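First comes the structure, then the notes that go with it.
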Number of protein chains: 2
Amino acid sequence: MICYGLCVAQKATHAIGWCDKMDIAKEVLNGSRLALSRAITAVENEHDDAVDIMRKLYPHTGRAFVLGITGPPGAGKSTLTDKLAKEFRRRGKTVGIVAVDPTSPFSGGAILGDRIRMNELTLDEGVFIRSMGTRGSLGGLSRKTAETVKIMDAFGKDIIFIETVGVGQSEVDIVSAADTTLVVLVPGLGDDIQAIKAGILEIGDVFAINKADREGADKLNIELNMMLDLDGNKNKEWRPPIKQTVAHQNEGVIELLETLEEHYEQLKSTGQLTTRRTERTKNELLNILKNEIGNYVLGKITESGQFDKLVKDVEGRIDDPYSVVNTIIKDMLK
Amino acid sequence: MICYGLCVAQKATHAIGWCDKMDIAKEVLNGSRLALSRAITAVENEHDDAVDIMRKLYPHTGRAFVLGITGPPGAGKSTLTDKLAKEFRRRGKTVGIVAVDPTSPFSGGAILGDRIRMNELTLDEGVFIRSMGTRGSLGGLSRKTAETVKIMDAFGKDIIFIETVGVGQSEVDIVSAADTTLVVLVPGLGDDIQAIKAGILEIGDVFAINKADREGADKLNIELNMMLDLDGNKNKEWRPPIKQTVAHQNEGVIELLETLEEHYEQLKSTGQLTTRRTERTKNELLNILKNEIGNYVLGKITESGQFDKLVKDVEGRIDDPYSVVNTIIKDMLK
């Protein structure tokens with residue numbers, strides 16, 4: 001493993017092929033944090049090794065409790081994640097945190113900044129934290145998040161947090177890799193009801209009203225309860241509970257953690273965990289399929305010089321993109 | 001065209017296949033606003049007709065000046081878009097506006113809300129406004145935005161605005177369909193320099209400091225200028241100008257519009273417009289290719305029942321997703 005570092009530092013070593021023999025996946029399974037970090041980097045940068053690493057790690061996944069945490073900026077998700085992580089640690093669990101920011105660079109630094117402030121946790125060997133940014137496409141981001149979770153899972157983390165800003169479609173895609181999703185809300189968001197309406201009810205298994213010592217917490221609680229009742233949750237096996245927390249004072253954190261675990265137990269006992277994971281496997285397969293097949297076909301047509309010609313035809317309005325793609329598909333597929 | 005509406009309203013009519021003969025693309029080219037609206041809906045909902053419509057419209061595209069507008073929430077992008085649109089109208093140009101919100105549903109209603117308030121513009125027959133939400137994947141959203149622009153272009157709009165919230169990767173993808181990109185900033189965003197750093201310099205062809213009557217406008221102007229100088233713009237043919245505006249008072253709007261047109265003229269005269277559009281065509285082809293080929297292959301393996309079996313194998317850790325995808329690719333491609 002250390003060799004891999006050398007390869008990056010000393011290109012010459014790499015040239016003689018010595019490094020290629022090192023096995024990052026094996027080192028991850030052996031518990032090397034350095035290997036863990038490098039495996040994630042390989043996935044993040046779409047390194048040539050990434051698929052091979054993932055392939056080797058995959059059989060060792062499926063054991064961790066994956067916890068998605070989302071909510072609007074400023075709701076205190078990072079603080080809540082940290083407090084929950086500490087409580088899990090106190091209970092003897094190892095923790096991985098994937099902090100994903102799919103939103104604007106305008107708020108892009110926030111997660112990383114929060115993390116840097118969070119010294120206590122980062123000094124704990126039982127915690128591994130990784131921030132993921134918005135390099136590359138968003139579709140890529142949710143795939144890479146899911147793969148990072150798998151790497152941490154194979155490494156042996158008991159609890160893996162996926163923390164993401166907002167609850168837009170991209171965040172929904174990102175937390176879809178979680179078993180249980182916690183939506184963190186905060187009083188004083190403005191038009192709360194409006195905000196809550198839009199797609200958030202469906203993804204929350206548990207809700208936390210954080211900064212619950214602020215004005216408006218009770219009002220938000222009532223409104224949220226009403227909306228959950230309206231949402232037809234009566235027919236479901238699990239009615240999302242709403243917990244009040246003041247994360248920075250560690251208030252309500254234990255209760256929240258126990259509610260999250262309760263949801264996980266319920267998922268297991270009702271067989272829903274299997275259903276959810278099957279759904280997830282399907283989506284992951286689809287994403288990988290689209291990505292790989294797209295790259296494969298693109299590689300072929302680029303190599304042959306066909307792609308540049310097609311681009312010219314489309315540009316000159318000799319052909320349209322849809323017909324061109326059709327032709328490629330017909331040419332390449334059986 | 002009216003028939004298509006009937007089809008939706010009266011399923012029975014559709015059953016006899018009468019409606020299928022109507023040609024939305026032709027009606028778009030004939031200037032029907034109803035057809036324009038329905039063509040966009042077809043693209044948005046990935047209706048079966050969408051590809052056919054796009055194929056027919058494609059030869060009639062490439063004429064419009066496509067203007068991307070992005071910036072943080074609250075910068076006043078909608079107001080500025082409206083004022084610019086009105087000024088373009090005064091100059092005899094027809095206008096299309098695609099308002100895209102790829103961010104959280106927490107702010108999701110904003111664009112539409114702004115649009116509803118904007119009565120004056122919507123009453124103008126020369127303006128066509130369409131909001132696009134976050135249904136479906138974000139990759140899908142940028143593709144659909146680009147297609148909506150093409151539909152408006154084929155319809156005959158002279159100026160097409162793509163207005164989007166934030167400047168994250170998803171927004172960069174979305175405005176990548178534009179010829180000229182305007183980044184709207186506003187004083188008092190907090191740590192301005194920090195905010196500006198992250199990826200925004202590269203995409204702005206023109207910058208507007210809106211709400212320039214607010215405290216901090218001059219400071220922002222100085223900082224932005226410094227950053228543009230640091231960015232190595234000296235070597236470029238175009239140094240992004242910074243314009244100050246107070247959109248709601250219509251201040252600085254004409255100057256901004258003229259700067260935007262100047263950039264467009266510069267793109268044309270230096271041949272950069274062609275370069276940019278070629279790049280765009282390439283990316284669009286790639287997106288369509290990945291999407292279509294993914295759907296095609298998925299259709300095949302779902303049909304044969306192969307997909308469900310593969311999902312089970314992956315779930316049971318008998319196989320891993322990467323090997324499975326590899327097998328599919330080998331099976332399906334020539």
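In the structure tokens, chains take the letters A, B, ... in the order shown, each chain's residues start at 1, and ligands count up from 1 in the order shown.
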
Open item on the list: So that I can check the surroundings of region 261-269 of chain A, please list as a list in words every protein, DNA and RNA residue that reaches within 10 Å of it, counting only C-alpha atoms and ignoring chain neighbours fewer than 6 positions away.
Closed with: Phe65, Val66, Leu67, Asp179, Thr180, Thr181, Asp205, Val206, Glu237, Trp238, Arg239, Pro240, Pro241, Glu255, Thr275 and Arg276 of chain A

Output file for the residues above (N, CA and C atoms, as a short mmCIF file (atom, residue, chain, number, x, y, z; two decimals), in the first residue's frame):
data_model
loop_
_atom_site.label_atom_id
_atom_site.label_comp_id
_atom_site.auth_asym_id
_atom_site.auth_seq_id
_atom_site.Cartn_x
_atom_site.Cartn_y
_atom_site.Cartn_z
N PHE A 65 -24.98 -0.34 8.78
CA PHE A 65 -26.23 0.42 8.85
C PHE A 65 -25.94 1.78 8.20
N VAL A 66 -26.59 2.02 7.07
CA VAL A 66 -26.31 3.25 6.32
C VAL A 66 -27.41 4.27 6.59
N LEU A 67 -26.97 5.42 7.07
CA LEU A 67 -27.88 6.43 7.59
C LEU A 67 -27.75 7.70 6.75
N ASP A 179 -30.11 3.20 4.27
CA ASP A 179 -31.20 2.35 4.75
C ASP A 179 -32.28 3.21 5.41
N THR A 180 -31.84 4.12 6.24
CA THR A 180 -32.75 5.00 6.99
C THR A 180 -32.38 6.44 6.68
N THR A 181 -33.39 7.26 6.38
CA THR A 181 -33.10 8.65 6.07
C THR A 181 -33.68 9.58 7.13
N ASP A 205 -37.59 9.01 6.92
CA ASP A 205 -38.05 7.93 7.78
C ASP A 205 -38.18 8.45 9.20
N VAL A 206 -37.32 9.40 9.52
CA VAL A 206 -37.34 10.06 10.82
C VAL A 206 -37.09 11.54 10.56
N GLU A 237 -46.46 0.92 7.54
CA GLU A 237 -46.06 0.21 8.76
C GLU A 237 -45.26 1.11 9.69
N TRP A 238 -44.78 2.19 9.19
CA TRP A 238 -43.94 3.09 9.98
C TRP A 238 -44.40 4.51 9.76
N ARG A 239 -44.77 5.16 10.83
CA ARG A 239 -45.16 6.56 10.75
C ARG A 239 -43.96 7.36 11.20
N PRO A 240 -43.35 8.14 10.29
CA PRO A 240 -42.11 8.83 10.64
C PRO A 240 -42.25 9.66 11.92
N PRO A 241 -41.47 9.34 12.93
CA PRO A 241 -41.53 10.13 14.15
C PRO A 241 -40.79 11.46 13.98
N GLU A 255 -32.15 10.18 22.21
CA GLU A 255 -33.50 9.77 21.80
C GLU A 255 -33.56 9.63 20.28
N THR A 275 -36.29 -5.38 0.73
CA THR A 275 -36.96 -4.72 -0.39
C THR A 275 -36.22 -3.45 -0.80
N ARG A 276 -35.88 -2.64 0.20
CA ARG A 276 -35.17 -1.40 -0.10
C ARG A 276 -33.82 -1.66 -0.75
#

Open item on the list: Residues near Ile151 (chain A), anyone? I mean within 12 Å using only C-alpha atoms, not counting same-chain ones fewer than 6 positions away, as a VMD selection string.
Closed with: chain A and resid 24 to 29 31 to 33 35 to 44 50 to 51 53 to 64 96 to 98 128 130 144 to 145 157 160

Would you write out those residues with C-alpha atoms, as a compact mmCIF listing (two decimals), in the first residue's frame?
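Result written to selection-v4.txt:
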# COMPACT_ATOMS: atom_id res chain seq x y z
CA ILE A 24 -5.57 -1.68 -2.33
CA ALA A 25 -8.71 -3.75 -1.85
CA LYS A 26 -6.84 -6.33 0.19
CA GLU A 27 -5.36 -3.61 2.37
CA VAL A 28 -8.80 -2.07 2.90
CA LEU A 29 -10.05 -5.45 4.09
CA GLY A 31 -8.04 -2.41 8.00
CA SER A 32 -5.61 0.09 6.51
CA ARG A 33 -6.99 3.62 6.79
CA ALA A 35 -5.85 2.14 1.76
CA LEU A 36 -9.40 3.16 2.64
CA SER A 37 -8.61 6.74 1.77
CA ARG A 38 -6.92 5.75 -1.48
CA ALA A 39 -9.69 3.43 -2.54
CA ILE A 40 -12.14 6.33 -2.20
CA THR A 41 -9.82 8.62 -4.13
CA ALA A 42 -9.61 6.01 -6.89
CA VAL A 43 -13.40 5.95 -7.12
CA GLU A 44 -13.68 9.73 -6.91
CA ALA A 50 -11.48 1.74 -9.27
CA VAL A 51 -13.58 -0.99 -10.87
CA ILE A 53 -11.12 -2.36 -6.23
CA MET A 54 -14.91 -2.22 -6.10
CA ARG A 55 -15.20 -5.70 -7.55
CA LYS A 56 -12.97 -7.12 -4.83
CA LEU A 57 -14.66 -5.23 -2.03
CA TYR A 58 -18.22 -5.91 -3.11
CA PRO A 59 -18.56 -9.40 -1.56
CA HIS A 60 -17.67 -7.87 1.82
CA THR A 61 -20.44 -5.25 1.77
CA GLY A 62 -24.00 -5.24 3.08
CA ARG A 63 -23.23 -5.33 6.77
CA ALA A 64 -23.25 -1.64 7.77
CA GLY A 96 -17.86 6.35 8.65
CA ILE A 97 -19.10 9.74 7.44
CA VAL A 98 -19.50 10.70 3.80
CA PHE A 128 -13.43 7.97 9.14
CA ARG A 130 -14.67 11.94 3.79
CA LYS A 144 -19.50 7.73 -6.24
CA THR A 145 -21.20 8.33 -2.91
CA LYS A 157 -17.57 0.43 9.61
CA ILE A 160 -22.08 4.93 7.81

Within 6 Å of region 288-290 of chain A, counting only C-alpha atoms, which residues show up once you throw out same-chain ones fewer than 3 positions away? Write them as a short mmCIF file (atom, residue, chain, number, x, y, z; two decimals) with N, CA and C atoms, in the first residue's frame, please.
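To be explicit, this is the file written out as part38.cif:
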data_model
loop_
_atom_site.label_atom_id
_atom_site.label_comp_id
_atom_site.auth_asym_id
_atom_site.auth_seq_id
_atom_site.Cartn_x
_atom_site.Cartn_y
_atom_site.Cartn_z
N LEU A 285 -27.17 -0.85 -10.36
CA LEU A 285 -26.83 -1.59 -11.58
C LEU A 285 -27.12 -0.74 -12.81
N ILE A 293 -21.52 1.50 -20.30
CA ILE A 293 -21.84 1.24 -21.70
C ILE A 293 -21.65 2.51 -22.52
N GLY A 294 -22.00 3.64 -21.91
CA GLY A 294 -21.79 4.92 -22.58
C GLY A 294 -20.31 5.14 -22.85
N GLY B 294 -28.34 3.37 -22.77
CA GLY B 294 -28.69 2.79 -21.48
C GLY B 294 -30.12 2.27 -21.49
N VAL B 325 -22.23 -5.88 -15.19
CA VAL B 325 -22.33 -4.89 -16.26
C VAL B 325 -21.39 -5.26 -17.42
#

TODO: Kindly give the distance, in Å, that separates CA of Thr327 (chain B) and CA of Leu273 (chain A), rounded to a single decimal.
DONE: 27.7 Å

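Proximity of B:Ser304, B:Thr81, B:Ser176, B:Thr259 to Lys282 (chain B), computed with only C-alpha atoms, is greatest for B:Ser176.
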